[in-house]
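Chemist: Sharing a structure, written as structure tokens. Questions coming.
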Amino acid sequence: MTLEQPRGAVLAEEGRLPPERVALVDLLDRLLAGGVVVSGDLVLSIADIDLVRISVRALIMSVRGPDEE
């Protein structure tokens, strides 16, 4: 990779990225159409003693209305 060539162009040449640009809105639309699962854990501790543990799992996806095709 040279300094003149952007990273996206290098990834497209390697076949790991489509050659055309994808807008952020289009990418978000594709993700929400299929659904995205977000998960995470949060642990609060003092002196290596776990006091609180919170686990979060969320499914985020778009919902079609009755008039959409």
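Chains: A, B, ... in order of the structure tokens. Residues: from 1 per chain. Ligands: from 1, in order shown.
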Would you mind listing what lies within 7 Å of Ser39 in chain A as a PyMOL selection string, with only C-alpha atoms counted and same-chain residues fewer than 5 positions away left out?
Modeler: chain A and resi 56-58
Chemist: Counting only C-alpha atoms, what is within 7 Å of Leu59 in chain A, bar same-chain residues fewer than 4 positions away, as a count of residues only?
Modeler: 4
Chemist: Please compute the CA of Arg53 in chain A-CA of Gly40 in chain A distance, one decimal, in Å.
Modeler: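 Result for CA of Arg53 in chain A versus CA of Gly40 in chain A: 10.7 Å, one decimal.
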Chemist: Based on the backbone DSSP call, show me all residues of range 18-60 of chain A assigned alpha helix (DSSP H), as a PyMOL selection string.
Modeler: chain A and resi 24-34
Chemist: Those same residues - N, CA, C and O atoms - I'd like them written as a compact mmCIF listing (two decimals), in the first residue's frame.
Modeler:
```txt
# COMPACT_ATOMS: atom_id res chain seq x y z
N LEU A 24 -23.40 5.52 3.68
CA LEU A 24 -23.66 5.08 5.04
C LEU A 24 -25.14 4.75 5.23
O LEU A 24 -25.49 3.79 5.90
N VAL A 25 -26.01 5.52 4.60
CA VAL A 25 -27.45 5.27 4.71
C VAL A 25 -27.80 3.93 4.07
O VAL A 25 -28.61 3.16 4.61
N ASP A 26 -27.19 3.61 2.92
CA ASP A 26 -27.44 2.32 2.27
C ASP A 26 -26.94 1.17 3.13
O ASP A 26 -27.59 0.13 3.24
N LEU A 27 -25.78 1.34 3.73
CA LEU A 27 -25.23 0.30 4.61
C LEU A 27 -26.14 0.08 5.81
O LEU A 27 -26.44 -1.06 6.18
N LEU A 28 -26.61 1.15 6.41
CA LEU A 28 -27.51 1.05 7.56
C LEU A 28 -28.82 0.38 7.15
O LEU A 28 -29.36 -0.45 7.89
N ASP A 29 -29.33 0.69 5.95
CA ASP A 29 -30.55 0.08 5.45
C ASP A 29 -30.36 -1.42 5.27
O ASP A 29 -31.24 -2.22 5.64
N ARG A 30 -29.23 -1.85 4.74
CA ARG A 30 -28.95 -3.28 4.57
C ARG A 30 -28.84 -4.00 5.90
O ARG A 30 -29.34 -5.12 6.07
N LEU A 31 -28.19 -3.37 6.86
CA LEU A 31 -28.05 -3.99 8.18
C LEU A 31 -29.40 -4.14 8.88
O LEU A 31 -29.70 -5.19 9.44
N LEU A 32 -30.22 -3.10 8.83
CA LEU A 32 -31.51 -3.15 9.52
C LEU A 32 -32.49 -4.07 8.82
O LEU A 32 -33.38 -4.63 9.46
N ALA A 33 -32.36 -4.25 7.50
CA ALA A 33 -33.24 -5.15 6.78
C ALA A 33 -33.02 -6.59 7.24
O ALA A 33 -33.97 -7.36 7.38
N GLY A 34 -31.78 -6.95 7.50
CA GLY A 34 -31.47 -8.31 7.95
C GLY A 34 -31.52 -8.44 9.46
O GLY A 34 -31.74 -9.51 10.00
```
Chemist: Do a neighbour search on Val52 in chain A at 12 Å with only C-alpha atoms, toss out local chain neighbours closer than 6 positions, and write the hits as a PyMOL selection string.
Modeler: chain A and resi 41-46
Chemist: For the selection just defined, write its residues with C-alpha atoms to a file, as a short mmCIF file (atom, residue, chain, number, x, y, z; two decimals), in the first residue's frame.
Modeler:
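Generated file (selection-v4.cif):
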```cif
data_model
loop_
_atom_site.label_atom_id
_atom_site.label_comp_id
_atom_site.auth_asym_id
_atom_site.auth_seq_id
_atom_site.Cartn_x
_atom_site.Cartn_y
_atom_site.Cartn_z
CA ASP A 41 -21.45 -7.16 29.47
CA LEU A 42 -20.66 -4.61 32.16
CA VAL A 43 -19.12 -5.57 35.49
CA LEU A 44 -18.62 -3.13 38.35
CA SER A 45 -16.10 -4.29 40.91
CA ILE A 46 -14.06 -2.96 43.82
#
```
Chemist: For CA of Met61 in chain A and CA of Leu11 in chain A, determine how far apart the two atoms are, in Å to one decimal place.
Modeler: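 According to the coordinates, CA of Met61 in chain A and CA of Leu11 in chain A are separated by 28.2 Å.
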